[in-house]
file query-v9.txt (compact mmCIF, N, CA and C atoms)
# COMPACT_ATOMS: atom_id res chain seq x y z
N LEU A 203 -14.76 -19.02 36.85
CA LEU A 203 -13.79 -19.00 35.76
C LEU A 203 -14.48 -18.63 34.46
N PRO A 204 -13.78 -17.79 33.65
CA PRO A 204 -14.37 -17.46 32.35
C PRO A 204 -14.33 -18.67 31.43
N SER A 205 -15.28 -18.75 30.54
CA SER A 205 -15.32 -19.86 29.59
C SER A 205 -14.20 -19.72 28.58
N PRO A 206 -13.75 -20.83 27.97
CA PRO A 206 -12.69 -20.75 26.95
C PRO A 206 -13.07 -19.83 25.79
N ALA A 207 -14.35 -19.74 25.49
CA ALA A 207 -14.78 -18.88 24.38
C ALA A 207 -14.49 -17.41 24.67
N ALA A 208 -14.42 -17.06 25.95
CA ALA A 208 -14.14 -15.66 26.31
C ALA A 208 -12.74 -15.25 25.90
N HIS A 209 -11.84 -16.22 25.74
CA HIS A 209 -10.46 -15.93 25.36
C HIS A 209 -10.19 -16.18 23.88
N ALA A 210 -11.17 -16.63 23.14
CA ALA A 210 -10.99 -16.91 21.72
C ALA A 210 -10.79 -15.60 20.97
N PRO A 211 -9.90 -15.60 19.97
CA PRO A 211 -9.70 -14.36 19.21
C PRO A 211 -10.97 -13.99 18.45
N ALA A 212 -11.15 -12.71 18.30
CA ALA A 212 -12.32 -12.22 17.56
C ALA A 212 -12.20 -12.64 16.10
N VAL A 213 -13.28 -13.09 15.53
CA VAL A 213 -13.29 -13.47 14.12
C VAL A 213 -13.75 -12.26 13.32
N GLU A 214 -12.91 -11.84 12.41
CA GLU A 214 -13.28 -10.69 11.59
C GLU A 214 -14.29 -11.12 10.54
N ARG A 215 -15.33 -10.34 10.43
CA ARG A 215 -16.30 -10.60 9.38
C ARG A 215 -15.84 -9.91 8.11
N PRO A 216 -15.89 -10.61 6.99
CA PRO A 216 -15.49 -9.93 5.75
C PRO A 216 -16.44 -8.78 5.44
N LEU A 217 -15.91 -7.78 4.81
CA LEU A 217 -16.70 -6.62 4.42
C LEU A 217 -17.74 -7.05 3.39
N ASP A 218 -18.99 -6.67 3.60
CA ASP A 218 -20.06 -7.01 2.67
C ASP A 218 -19.99 -6.07 1.48
N THR A 219 -19.69 -6.61 0.32
CA THR A 219 -19.56 -5.81 -0.90
C THR A 219 -20.71 -6.06 -1.88
N SER A 220 -21.76 -6.72 -1.40
CA SER A 220 -22.85 -7.11 -2.31
C SER A 220 -23.58 -5.92 -2.93
N ASP A 221 -23.57 -4.76 -2.26
CA ASP A 221 -24.27 -3.59 -2.82
C ASP A 221 -23.33 -2.62 -3.52
N TRP A 222 -22.09 -3.02 -3.72
CA TRP A 222 -21.13 -2.14 -4.38
C TRP A 222 -21.37 -2.12 -5.87
N LYS A 223 -21.28 -0.95 -6.46
CA LYS A 223 -21.49 -0.79 -7.90
C LYS A 223 -20.13 -0.71 -8.62
N THR A 224 -20.15 -1.08 -9.88
CA THR A 224 -18.93 -1.04 -10.68
C THR A 224 -18.70 0.37 -11.21
N TYR A 225 -17.51 0.88 -10.99
CA TYR A 225 -17.06 2.14 -11.58
C TYR A 225 -16.16 1.76 -12.75
N ARG A 226 -16.52 2.23 -13.95
CA ARG A 226 -15.71 1.97 -15.14
C ARG A 226 -15.13 3.26 -15.65
N ASN A 227 -13.87 3.19 -16.03
CA ASN A 227 -13.26 4.32 -16.71
C ASN A 227 -12.77 3.79 -18.05
N GLU A 228 -13.57 4.04 -19.08
CA GLU A 228 -13.26 3.53 -20.42
C GLU A 228 -11.98 4.16 -20.97
N GLU A 229 -11.79 5.44 -20.69
CA GLU A 229 -10.61 6.16 -21.20
C GLU A 229 -9.31 5.54 -20.67
N LEU A 230 -9.27 5.25 -19.38
CA LEU A 230 -8.07 4.68 -18.78
C LEU A 230 -8.05 3.16 -18.87
N GLY A 231 -9.22 2.55 -19.10
CA GLY A 231 -9.27 1.12 -19.37
C GLY A 231 -9.33 0.22 -18.16
N PHE A 232 -10.09 0.60 -17.13
CA PHE A 232 -10.19 -0.27 -15.96
C PHE A 232 -11.57 -0.16 -15.32
N ALA A 233 -11.84 -1.11 -14.43
CA ALA A 233 -13.08 -1.11 -13.66
C ALA A 233 -12.74 -1.54 -12.24
N ILE A 234 -13.49 -0.97 -11.28
CA ILE A 234 -13.38 -1.35 -9.87
C ILE A 234 -14.77 -1.32 -9.26
N LYS A 235 -14.94 -1.99 -8.14
CA LYS A 235 -16.18 -1.91 -7.37
C LYS A 235 -16.01 -0.85 -6.30
N LEU A 236 -17.04 -0.02 -6.12
CA LEU A 236 -16.98 1.07 -5.14
C LEU A 236 -18.06 0.92 -4.07
N PRO A 237 -17.67 1.20 -2.81
CA PRO A 237 -18.69 1.27 -1.76
C PRO A 237 -19.68 2.39 -2.10
N PRO A 238 -20.95 2.23 -1.78
CA PRO A 238 -21.94 3.26 -2.10
C PRO A 238 -21.56 4.65 -1.60
N ARG A 239 -20.98 4.74 -0.41
CA ARG A 239 -20.66 6.07 0.13
C ARG A 239 -19.56 6.76 -0.66
N TRP A 240 -18.72 6.00 -1.37
CA TRP A 240 -17.69 6.64 -2.20
C TRP A 240 -18.31 7.41 -3.34
N GLU A 241 -19.45 6.94 -3.81
CA GLU A 241 -20.13 7.62 -4.91
C GLU A 241 -20.88 8.86 -4.45
N THR A 242 -21.24 8.92 -3.18
CA THR A 242 -22.02 10.06 -2.68
C THR A 242 -21.21 11.00 -1.80
N ASP A 243 -20.35 10.44 -0.95
CA ASP A 243 -19.63 11.27 0.03
C ASP A 243 -18.26 11.74 -0.45
N TYR A 244 -17.74 11.12 -1.49
CA TYR A 244 -16.39 11.43 -1.95
C TYR A 244 -16.42 12.07 -3.33
N LYS A 245 -15.47 12.92 -3.57
CA LYS A 245 -15.31 13.55 -4.88
C LYS A 245 -14.49 12.60 -5.76
N ILE A 246 -14.96 12.37 -6.98
CA ILE A 246 -14.24 11.54 -7.94
C ILE A 246 -13.72 12.45 -9.03
N GLU A 247 -12.41 12.52 -9.17
CA GLU A 247 -11.79 13.43 -10.13
C GLU A 247 -10.91 12.64 -11.10
N VAL A 248 -11.15 12.86 -12.40
CA VAL A 248 -10.33 12.23 -13.44
C VAL A 248 -9.30 13.26 -13.90
N ILE A 249 -8.04 12.85 -13.91
CA ILE A 249 -6.94 13.75 -14.25
C ILE A 249 -6.18 13.17 -15.43
N GLU A 250 -6.16 13.89 -16.55
CA GLU A 250 -5.38 13.44 -17.71
C GLU A 250 -3.93 13.88 -17.51
N THR A 251 -3.01 12.99 -17.82
CA THR A 251 -1.60 13.33 -17.62
C THR A 251 -0.88 13.51 -18.96
N ILE A 252 -0.38 12.43 -19.52
CA ILE A 252 0.47 12.56 -20.72
C ILE A 252 -0.28 12.37 -22.02
N GLY A 253 -1.56 12.32 -21.99
CA GLY A 253 -2.32 12.19 -23.22
C GLY A 253 -3.42 11.15 -23.10
N LYS A 254 -4.09 10.95 -24.20
CA LYS A 254 -5.26 10.07 -24.23
C LYS A 254 -4.92 8.68 -23.70
N GLY A 255 -5.72 8.23 -22.76
CA GLY A 255 -5.56 6.89 -22.22
C GLY A 255 -4.64 6.79 -21.02
N PHE A 256 -4.00 7.88 -20.64
CA PHE A 256 -3.12 7.88 -19.48
C PHE A 256 -3.59 8.97 -18.52
N GLY A 257 -3.52 8.68 -17.24
CA GLY A 257 -3.96 9.64 -16.25
C GLY A 257 -4.33 8.96 -14.96
N ALA A 258 -5.14 9.63 -14.17
CA ALA A 258 -5.48 9.12 -12.85
C ALA A 258 -6.94 9.37 -12.52
N VAL A 259 -7.44 8.58 -11.59
CA VAL A 259 -8.74 8.81 -10.98
C VAL A 259 -8.48 8.89 -9.49
N ALA A 260 -8.85 10.02 -8.89
CA ALA A 260 -8.63 10.24 -7.46
C ALA A 260 -9.96 10.29 -6.74
N PHE A 261 -10.01 9.66 -5.59
CA PHE A 261 -11.19 9.66 -4.73
C PHE A 261 -10.80 10.44 -3.48
N SER A 262 -11.52 11.54 -3.21
CA SER A 262 -11.15 12.38 -2.07
C SER A 262 -12.39 12.76 -1.27
N LYS A 263 -12.13 13.18 -0.04
CA LYS A 263 -13.21 13.64 0.81
C LYS A 263 -12.84 15.01 1.35
N GLU A 264 -13.87 15.78 1.68
CA GLU A 264 -13.64 17.10 2.25
C GLU A 264 -13.30 16.95 3.73
N VAL A 265 -12.24 17.61 4.13
CA VAL A 265 -11.83 17.61 5.53
C VAL A 265 -11.89 19.05 6.01
N VAL A 266 -12.59 19.25 7.13
CA VAL A 266 -12.72 20.59 7.71
C VAL A 266 -11.97 20.57 9.03
N GLY A 267 -11.16 21.58 9.23
CA GLY A 267 -10.39 21.63 10.46
C GLY A 267 -9.88 23.03 10.74
N ILE A 268 -9.23 23.17 11.88
CA ILE A 268 -8.64 24.45 12.27
C ILE A 268 -7.26 24.57 11.65
N ASP A 269 -7.05 25.63 10.89
CA ASP A 269 -5.77 25.85 10.21
C ASP A 269 -4.77 26.51 11.14
N ASN A 270 -5.24 27.45 11.92
CA ASN A 270 -4.34 28.23 12.76
C ASN A 270 -4.93 28.27 14.17
N LEU A 271 -4.23 27.64 15.11
CA LEU A 271 -4.77 27.56 16.47
C LEU A 271 -4.89 28.93 17.14
N SER A 272 -3.99 29.85 16.79
CA SER A 272 -4.06 31.16 17.45
C SER A 272 -5.24 31.99 16.95
N THR A 273 -5.61 31.85 15.68
CA THR A 273 -6.75 32.62 15.15
C THR A 273 -8.04 31.81 15.13
N GLY A 274 -7.91 30.49 15.19
CA GLY A 274 -9.09 29.64 15.13
C GLY A 274 -9.70 29.55 13.75
N GLU A 275 -8.94 29.96 12.71
CA GLU A 275 -9.44 29.93 11.34
C GLU A 275 -9.76 28.50 10.92
N ILE A 276 -10.95 28.31 10.41
CA ILE A 276 -11.38 26.99 9.96
C ILE A 276 -11.25 26.94 8.45
N ILE A 277 -10.61 25.88 7.98
CA ILE A 277 -10.42 25.70 6.54
C ILE A 277 -11.02 24.38 6.11
N SER A 278 -11.22 24.27 4.82
CA SER A 278 -11.72 23.05 4.21
C SER A 278 -10.77 22.69 3.07
N ARG A 279 -10.44 21.41 2.95
CA ARG A 279 -9.61 20.97 1.84
C ARG A 279 -10.00 19.55 1.45
N ASP A 280 -9.65 19.18 0.24
CA ASP A 280 -9.89 17.82 -0.21
C ASP A 280 -8.71 16.95 0.18
N TYR A 281 -8.99 15.78 0.73
CA TYR A 281 -7.97 14.82 1.15
C TYR A 281 -8.15 13.56 0.31
N THR A 282 -7.16 13.20 -0.49
CA THR A 282 -7.25 12.02 -1.35
C THR A 282 -7.09 10.77 -0.50
N ILE A 283 -8.11 9.91 -0.56
CA ILE A 283 -8.03 8.66 0.19
C ILE A 283 -7.49 7.52 -0.67
N PHE A 284 -7.64 7.66 -2.01
CA PHE A 284 -7.24 6.57 -2.90
C PHE A 284 -7.17 7.10 -4.32
N SER A 285 -6.17 6.66 -5.07
CA SER A 285 -6.13 7.02 -6.50
C SER A 285 -5.49 5.90 -7.30
N ILE A 286 -5.97 5.77 -8.53
CA ILE A 286 -5.42 4.81 -9.50
C ILE A 286 -4.85 5.62 -10.65
N THR A 287 -3.65 5.26 -11.08
CA THR A 287 -3.01 5.95 -12.19
C THR A 287 -2.60 4.95 -13.26
N ALA A 288 -2.88 5.28 -14.51
CA ALA A 288 -2.42 4.49 -15.65
C ALA A 288 -1.19 5.19 -16.21
N VAL A 289 -0.05 4.47 -16.21
CA VAL A 289 1.22 5.04 -16.66
C VAL A 289 1.81 4.18 -17.77
N THR A 290 2.84 4.72 -18.43
CA THR A 290 3.54 3.95 -19.46
C THR A 290 4.49 2.96 -18.78
N LYS A 291 4.86 1.93 -19.53
CA LYS A 291 5.82 0.95 -19.00
C LYS A 291 7.16 1.62 -18.74
N ASP A 292 7.56 2.55 -19.61
CA ASP A 292 8.83 3.27 -19.40
C ASP A 292 8.79 4.07 -18.11
N TRP A 293 7.67 4.73 -17.84
CA TRP A 293 7.55 5.52 -16.61
C TRP A 293 7.71 4.61 -15.40
N TRP A 294 7.04 3.45 -15.44
CA TRP A 294 7.08 2.53 -14.31
C TRP A 294 8.49 1.99 -14.08
N GLU A 295 9.18 1.64 -15.16
CA GLU A 295 10.55 1.15 -15.02
C GLU A 295 11.45 2.22 -14.41
N GLN A 296 11.28 3.46 -14.84
CA GLN A 296 12.07 4.56 -14.28
C GLN A 296 11.72 4.77 -12.81
N GLU A 297 10.45 4.71 -12.48
CA GLU A 297 9.99 4.87 -11.10
C GLU A 297 10.66 3.84 -10.19
N LEU A 298 10.72 2.61 -10.66
CA LEU A 298 11.32 1.54 -9.85
C LEU A 298 12.82 1.70 -9.65
N SER A 299 13.46 2.50 -10.51
CA SER A 299 14.90 2.70 -10.38
C SER A 299 15.27 3.69 -9.27
N TYR A 300 14.29 4.43 -8.78
CA TYR A 300 14.56 5.42 -7.73
C TYR A 300 14.57 4.76 -6.36
N GLU A 301 15.43 5.27 -5.49
CA GLU A 301 15.51 4.79 -4.10
C GLU A 301 14.50 5.56 -3.26
N GLN A 302 13.24 5.20 -3.39
CA GLN A 302 12.16 5.86 -2.66
C GLN A 302 10.95 4.94 -2.66
N PRO A 303 9.97 5.22 -1.83
CA PRO A 303 8.73 4.43 -1.88
C PRO A 303 8.03 4.63 -3.23
N HIS A 304 7.38 3.59 -3.70
CA HIS A 304 6.69 3.63 -4.99
C HIS A 304 5.19 3.39 -4.80
N PRO A 305 4.40 3.82 -5.78
CA PRO A 305 2.99 3.41 -5.75
C PRO A 305 2.92 1.89 -5.83
N SER A 306 1.80 1.33 -5.42
CA SER A 306 1.61 -0.13 -5.47
C SER A 306 1.09 -0.55 -6.83
N LEU A 307 1.57 -1.66 -7.33
CA LEU A 307 1.18 -2.18 -8.63
C LEU A 307 -0.19 -2.85 -8.54
N LEU A 308 -1.08 -2.49 -9.48
CA LEU A 308 -2.39 -3.13 -9.59
C LEU A 308 -2.41 -4.16 -10.71
N GLY A 309 -1.82 -3.82 -11.84
CA GLY A 309 -1.83 -4.71 -12.99
C GLY A 309 -1.18 -4.06 -14.19
N LYS A 310 -0.97 -4.87 -15.25
CA LYS A 310 -0.34 -4.39 -16.48
C LYS A 310 -1.04 -5.03 -17.67
N ASN A 311 -0.97 -4.34 -18.79
CA ASN A 311 -1.32 -4.95 -20.07
C ASN A 311 -0.24 -4.55 -21.07
N ASN A 312 -0.46 -4.74 -22.34
CA ASN A 312 0.57 -4.41 -23.35
C ASN A 312 0.88 -2.93 -23.44
N GLU A 313 -0.07 -2.09 -23.03
CA GLU A 313 0.09 -0.64 -23.20
C GLU A 313 0.37 0.11 -21.91
N LYS A 314 -0.17 -0.37 -20.80
CA LYS A 314 -0.18 0.43 -19.57
C LYS A 314 0.20 -0.38 -18.34
N VAL A 315 0.62 0.37 -17.34
CA VAL A 315 0.83 -0.18 -16.01
C VAL A 315 -0.12 0.61 -15.10
N TYR A 316 -0.85 -0.10 -14.25
CA TYR A 316 -1.80 0.52 -13.34
C TYR A 316 -1.24 0.45 -11.91
N VAL A 317 -1.17 1.60 -11.26
CA VAL A 317 -0.65 1.69 -9.91
C VAL A 317 -1.66 2.44 -9.04
N TYR A 318 -1.51 2.29 -7.73
CA TYR A 318 -2.39 3.03 -6.83
C TYR A 318 -1.63 3.51 -5.61
N ILE A 319 -2.20 4.54 -5.01
CA ILE A 319 -1.73 5.02 -3.71
C ILE A 319 -2.97 5.22 -2.84
N SER A 320 -2.79 5.14 -1.54
CA SER A 320 -3.89 5.43 -0.64
C SER A 320 -3.41 6.42 0.41
N GLY A 321 -4.34 7.15 0.96
CA GLY A 321 -4.02 8.14 1.97
C GLY A 321 -3.40 7.49 3.20
N GLN A 322 -2.64 8.28 3.93
CA GLN A 322 -1.98 7.74 5.11
C GLN A 322 -2.77 7.97 6.38
N ASP A 323 -3.79 8.79 6.32
CA ASP A 323 -4.59 9.09 7.51
C ASP A 323 -6.01 8.57 7.38
N ASN A 324 -6.19 7.52 6.59
CA ASN A 324 -7.53 6.97 6.43
C ASN A 324 -7.95 6.29 7.73
N ASP A 325 -9.27 6.21 7.93
CA ASP A 325 -9.75 5.49 9.10
C ASP A 325 -9.83 3.99 8.76
N GLN A 326 -10.07 3.17 9.77
CA GLN A 326 -10.06 1.71 9.59
C GLN A 326 -11.06 1.27 8.53
N ARG A 327 -12.23 1.87 8.53
CA ARG A 327 -13.26 1.51 7.54
C ARG A 327 -12.74 1.78 6.12
N GLU A 328 -12.10 2.93 5.92
CA GLU A 328 -11.56 3.25 4.59
C GLU A 328 -10.48 2.27 4.18
N TYR A 329 -9.61 1.90 5.12
CA TYR A 329 -8.57 0.91 4.80
C TYR A 329 -9.19 -0.41 4.35
N GLU A 330 -10.22 -0.85 5.04
CA GLU A 330 -10.90 -2.10 4.67
C GLU A 330 -11.57 -1.97 3.31
N GLU A 331 -12.19 -0.82 3.05
CA GLU A 331 -12.83 -0.59 1.75
C GLU A 331 -11.78 -0.57 0.64
N ILE A 332 -10.69 0.13 0.87
CA ILE A 332 -9.63 0.21 -0.15
C ILE A 332 -9.10 -1.18 -0.47
N GLU A 333 -8.93 -2.01 0.53
CA GLU A 333 -8.46 -3.38 0.30
C GLU A 333 -9.39 -4.12 -0.65
N GLN A 334 -10.70 -3.96 -0.46
CA GLN A 334 -11.67 -4.62 -1.33
C GLN A 334 -11.72 -3.98 -2.72
N VAL A 335 -11.58 -2.66 -2.79
CA VAL A 335 -11.54 -1.98 -4.08
C VAL A 335 -10.36 -2.50 -4.89
N VAL A 336 -9.20 -2.62 -4.26
CA VAL A 336 -8.00 -3.12 -4.93
C VAL A 336 -8.24 -4.55 -5.44
N LYS A 337 -8.85 -5.38 -4.62
CA LYS A 337 -9.12 -6.78 -5.03
C LYS A 337 -10.08 -6.84 -6.21
N SER A 338 -10.93 -5.83 -6.36
CA SER A 338 -11.92 -5.83 -7.44
C SER A 338 -11.37 -5.29 -8.77
N PHE A 339 -10.15 -4.75 -8.77
CA PHE A 339 -9.60 -4.11 -9.95
C PHE A 339 -9.55 -5.06 -11.13
N GLU A 340 -10.01 -4.57 -12.30
CA GLU A 340 -9.96 -5.34 -13.55
C GLU A 340 -9.56 -4.40 -14.68
N ILE A 341 -8.70 -4.89 -15.54
CA ILE A 341 -8.36 -4.16 -16.76
C ILE A 341 -9.41 -4.48 -17.80
N ASN A 342 -9.97 -3.44 -18.44
CA ASN A 342 -10.97 -3.66 -19.49
C ASN A 342 -10.30 -4.37 -20.66
N ARG A 343 -10.98 -5.32 -21.18
CA ARG A 343 -10.44 -6.08 -22.32
C ARG A 343 -10.88 -5.48 -23.63

call {"tool": "encode", "arguments": {"input": "query-v9.txt", "output": "structure tokens"}}
result
Amino acid sequence: LPSPAAHAPAVERPLDTSDWKTYRNEELGFAIKLPPRWETDYKIEVIETIGKGFGAVAFSKEVVGIDNLSTGEIISRDYTIFSITAVTKDWWEQELSYEQPHPSLLGKNNEKVYVYISGQDNDQREYEEIEQVVKSFEINR
């Protein structure tokens, strides 16, 4: 007979974030902790939207694949795995009025609302990292 321990559910080990560095964006007013590979393997792009202090930071990776099966053409494109956007309170209120999926709320202050989206085809490791990145989010004071 197998031992009772053989049937015990697997205990998930929390992701070790001790070597993660802080990414600060002074312009948008926030800080997050990033896995080391995000700083080396992923492209970090800052996008200004409606003016100073508003915009997004997108984290993407290069994906190489076959574009056309009949020709075998190989293409490369950037795939966004995670992005944070600083928006106005008016924009956020309008966004919530639409009957559609919305970005997820990270936090608010007197001037801005911070939201995020994550890619839908991320691997399990990226999902776990994103969860920890979200937990580390702080609005600069």

call {"tool": "atom_distance", "arguments": {"input": "query-v9.txt", "atom1": "atom CA of His304 of chain A", "atom2": "atom CA of Glu331 of chain A"}}
result
21.1 Å

call {"tool": "axis_aligned_box", "arguments": {"input": "query-v9.txt", "around": "segment 214-226 of chain A", "padding_each_side": "3 Å", "output": "JSON"}}
result
{"center_x": -18.6, "center_y": -4.3, "center_z": -1.6, "size_x": 17.4, "size_y": 21.1, "size_z": 34.1}

call {"tool": "atom_distance", "arguments": {"input": "query-v9.txt", "atom1": "atom C of Lys223 of chain A", "atom2": "atom CA of Ser278 of chain A"}}
result
28.3 Å

call {"tool": "residues_around", "arguments": {"input": "query-v9.txt", "residues": "Gly231 of chain A", "least_positions_apart": "5", "cutoff": "6.5 Å", "atoms": "only N, CA and C atoms", "output": "ChimeraX atom specification"}}
result
/A:255,340-342

call {"tool": "closest_residue", "arguments": {"input": "query-v9.txt", "among": "A:Ile252, A:Asp221, A:Tyr281, A:Leu308", "to": "Pro238 of chain A", "atoms": "only N, CA and C atoms"}}
result
A:Asp221

call {"tool": "select_by_dssp", "arguments": {"input": "query-v9.txt", "residues": "chain A", "states": "strand (DSSP E)", "output": "short mmCIF file (atom, residue, chain, number, x, y, z; two decimals) with N, CA and C atoms, in the frame of the given file"}}
result
data_model
loop_
_atom_site.label_atom_id
_atom_site.label_comp_id
_atom_site.auth_asym_id
_atom_site.auth_seq_id
_atom_site.Cartn_x
_atom_site.Cartn_y
_atom_site.Cartn_z
N LYS A 223 -21.28 -0.95 -6.46
CA LYS A 223 -21.49 -0.79 -7.90
C LYS A 223 -20.13 -0.71 -8.62
N THR A 224 -20.15 -1.08 -9.88
CA THR A 224 -18.93 -1.04 -10.68
C THR A 224 -18.70 0.37 -11.21
N TYR A 225 -17.51 0.88 -10.99
CA TYR A 225 -17.06 2.14 -11.58
C TYR A 225 -16.16 1.76 -12.75
N ARG A 226 -16.52 2.23 -13.95
CA ARG A 226 -15.71 1.97 -15.14
C ARG A 226 -15.13 3.26 -15.65
N ASN A 227 -13.87 3.19 -16.03
CA ASN A 227 -13.26 4.32 -16.71
C ASN A 227 -12.77 3.79 -18.05
N PHE A 232 -10.09 0.60 -17.13
CA PHE A 232 -10.19 -0.27 -15.96
C PHE A 232 -11.57 -0.16 -15.32
N ALA A 233 -11.84 -1.11 -14.43
CA ALA A 233 -13.08 -1.11 -13.66
C ALA A 233 -12.74 -1.54 -12.24
N ILE A 234 -13.49 -0.97 -11.28
CA ILE A 234 -13.38 -1.35 -9.87
C ILE A 234 -14.77 -1.32 -9.26
N LYS A 235 -14.94 -1.99 -8.14
CA LYS A 235 -16.18 -1.91 -7.37
C LYS A 235 -16.01 -0.85 -6.30
N LEU A 236 -17.04 -0.02 -6.12
CA LEU A 236 -16.98 1.07 -5.14
C LEU A 236 -18.06 0.92 -4.07
N LYS A 245 -15.47 12.92 -3.57
CA LYS A 245 -15.31 13.55 -4.88
C LYS A 245 -14.49 12.60 -5.76
N ILE A 246 -14.96 12.37 -6.98
CA ILE A 246 -14.24 11.54 -7.94
C ILE A 246 -13.72 12.45 -9.03
N GLU A 247 -12.41 12.52 -9.17
CA GLU A 247 -11.79 13.43 -10.13
C GLU A 247 -10.91 12.64 -11.10
N VAL A 248 -11.15 12.86 -12.40
CA VAL A 248 -10.33 12.23 -13.44
C VAL A 248 -9.30 13.26 -13.90
N ILE A 249 -8.04 12.85 -13.91
CA ILE A 249 -6.94 13.75 -14.25
C ILE A 249 -6.18 13.17 -15.43
N GLU A 250 -6.16 13.89 -16.55
CA GLU A 250 -5.38 13.44 -17.71
C GLU A 250 -3.93 13.88 -17.51
N GLY A 257 -3.52 8.68 -17.24
CA GLY A 257 -3.96 9.64 -16.25
C GLY A 257 -4.33 8.96 -14.96
N ALA A 258 -5.14 9.63 -14.17
CA ALA A 258 -5.48 9.12 -12.85
C ALA A 258 -6.94 9.37 -12.52
N VAL A 259 -7.44 8.58 -11.59
CA VAL A 259 -8.74 8.81 -10.98
C VAL A 259 -8.48 8.89 -9.49
N ALA A 260 -8.85 10.02 -8.89
CA ALA A 260 -8.63 10.24 -7.46
C ALA A 260 -9.96 10.29 -6.74
N PHE A 261 -10.01 9.66 -5.59
CA PHE A 261 -11.19 9.66 -4.73
C PHE A 261 -10.80 10.44 -3.48
N SER A 262 -11.52 11.54 -3.21
CA SER A 262 -11.15 12.38 -2.07
C SER A 262 -12.39 12.76 -1.27
N LYS A 263 -12.13 13.18 -0.04
CA LYS A 263 -13.21 13.64 0.81
C LYS A 263 -12.84 15.01 1.35
N GLU A 264 -13.87 15.78 1.68
CA GLU A 264 -13.64 17.10 2.25
C GLU A 264 -13.30 16.95 3.73
N VAL A 265 -12.24 17.61 4.13
CA VAL A 265 -11.83 17.61 5.53
C VAL A 265 -11.89 19.05 6.01
N VAL A 266 -12.59 19.25 7.13
CA VAL A 266 -12.72 20.59 7.71
C VAL A 266 -11.97 20.57 9.03
N GLY A 267 -11.16 21.58 9.23
CA GLY A 267 -10.39 21.63 10.46
C GLY A 267 -9.88 23.03 10.74
N ILE A 268 -9.23 23.17 11.88
CA ILE A 268 -8.64 24.45 12.27
C ILE A 268 -7.26 24.57 11.65
N ASP A 269 -7.05 25.63 10.89
CA ASP A 269 -5.77 25.85 10.21
C ASP A 269 -4.77 26.51 11.14
N ASN A 270 -5.24 27.45 11.92
CA ASN A 270 -4.34 28.23 12.76
C ASN A 270 -4.93 28.27 14.17
N GLU A 275 -8.94 29.96 12.71
CA GLU A 275 -9.44 29.93 11.34
C GLU A 275 -9.76 28.50 10.92
N ILE A 276 -10.95 28.31 10.41
CA ILE A 276 -11.38 26.99 9.96
C ILE A 276 -11.25 26.94 8.45
N ILE A 277 -10.61 25.88 7.98
CA ILE A 277 -10.42 25.70 6.54
C ILE A 277 -11.02 24.38 6.11
N SER A 278 -11.22 24.27 4.82
CA SER A 278 -11.72 23.05 4.21
C SER A 278 -10.77 22.69 3.07
N ARG A 279 -10.44 21.41 2.95
CA ARG A 279 -9.61 20.97 1.84
C ARG A 279 -10.00 19.55 1.45
N ASP A 280 -9.65 19.18 0.24
CA ASP A 280 -9.89 17.82 -0.21
C ASP A 280 -8.71 16.95 0.18
N TYR A 281 -8.99 15.78 0.73
CA TYR A 281 -7.97 14.82 1.15
C TYR A 281 -8.15 13.56 0.31
N THR A 282 -7.16 13.20 -0.49
CA THR A 282 -7.25 12.02 -1.35
C THR A 282 -7.09 10.77 -0.50
N ILE A 283 -8.11 9.91 -0.56
CA ILE A 283 -8.03 8.66 0.19
C ILE A 283 -7.49 7.52 -0.67
N PHE A 284 -7.64 7.66 -2.01
CA PHE A 284 -7.24 6.57 -2.90
C PHE A 284 -7.17 7.10 -4.32
N SER A 285 -6.17 6.66 -5.07
CA SER A 285 -6.13 7.02 -6.50
C SER A 285 -5.49 5.90 -7.30
N ILE A 286 -5.97 5.77 -8.53
CA ILE A 286 -5.42 4.81 -9.50
C ILE A 286 -4.85 5.62 -10.65
N THR A 287 -3.65 5.26 -11.08
CA THR A 287 -3.01 5.95 -12.19
C THR A 287 -2.60 4.95 -13.26
N ALA A 288 -2.88 5.28 -14.51
CA ALA A 288 -2.42 4.49 -15.65
C ALA A 288 -1.19 5.19 -16.21
N VAL A 289 -0.05 4.47 -16.21
CA VAL A 289 1.22 5.04 -16.66
C VAL A 289 1.81 4.18 -17.77
N SER A 306 1.80 1.33 -5.42
CA SER A 306 1.61 -0.13 -5.47
C SER A 306 1.09 -0.55 -6.83
N LEU A 307 1.57 -1.66 -7.33
CA LEU A 307 1.18 -2.18 -8.63
C LEU A 307 -0.19 -2.85 -8.54
N LEU A 308 -1.08 -2.49 -9.48
CA LEU A 308 -2.39 -3.13 -9.59
C LEU A 308 -2.41 -4.16 -10.71
N GLY A 309 -1.82 -3.82 -11.84
CA GLY A 309 -1.83 -4.71 -12.99
C GLY A 309 -1.18 -4.06 -14.19
N LYS A 310 -0.97 -4.87 -15.25
CA LYS A 310 -0.34 -4.39 -16.48
C LYS A 310 -1.04 -5.03 -17.67
N VAL A 315 0.62 0.37 -17.34
CA VAL A 315 0.83 -0.18 -16.01
C VAL A 315 -0.12 0.61 -15.10
N TYR A 316 -0.85 -0.10 -14.25
CA TYR A 316 -1.80 0.52 -13.34
C TYR A 316 -1.24 0.45 -11.91
N VAL A 317 -1.17 1.60 -11.26
CA VAL A 317 -0.65 1.69 -9.91
C VAL A 317 -1.66 2.44 -9.04
N TYR A 318 -1.51 2.29 -7.73
CA TYR A 318 -2.39 3.03 -6.83
C TYR A 318 -1.63 3.51 -5.61
N ILE A 319 -2.20 4.54 -5.01
CA ILE A 319 -1.73 5.02 -3.71
C ILE A 319 -2.97 5.22 -2.84
N SER A 320 -2.79 5.14 -1.54
CA SER A 320 -3.89 5.43 -0.64
C SER A 320 -3.41 6.42 0.41
N GLU A 340 -10.01 -4.57 -12.30
CA GLU A 340 -9.96 -5.34 -13.55
C GLU A 340 -9.56 -4.40 -14.68
N ILE A 341 -8.70 -4.89 -15.54
CA ILE A 341 -8.36 -4.16 -16.76
C ILE A 341 -9.41 -4.48 -17.80
#

call {"tool": "atom_distance", "arguments": {"input": "query-v9.txt", "atom1": "atom C of Arg239 of chain A", "atom2": "atom CA of Pro216 of chain A"}}
result
18.3 Å
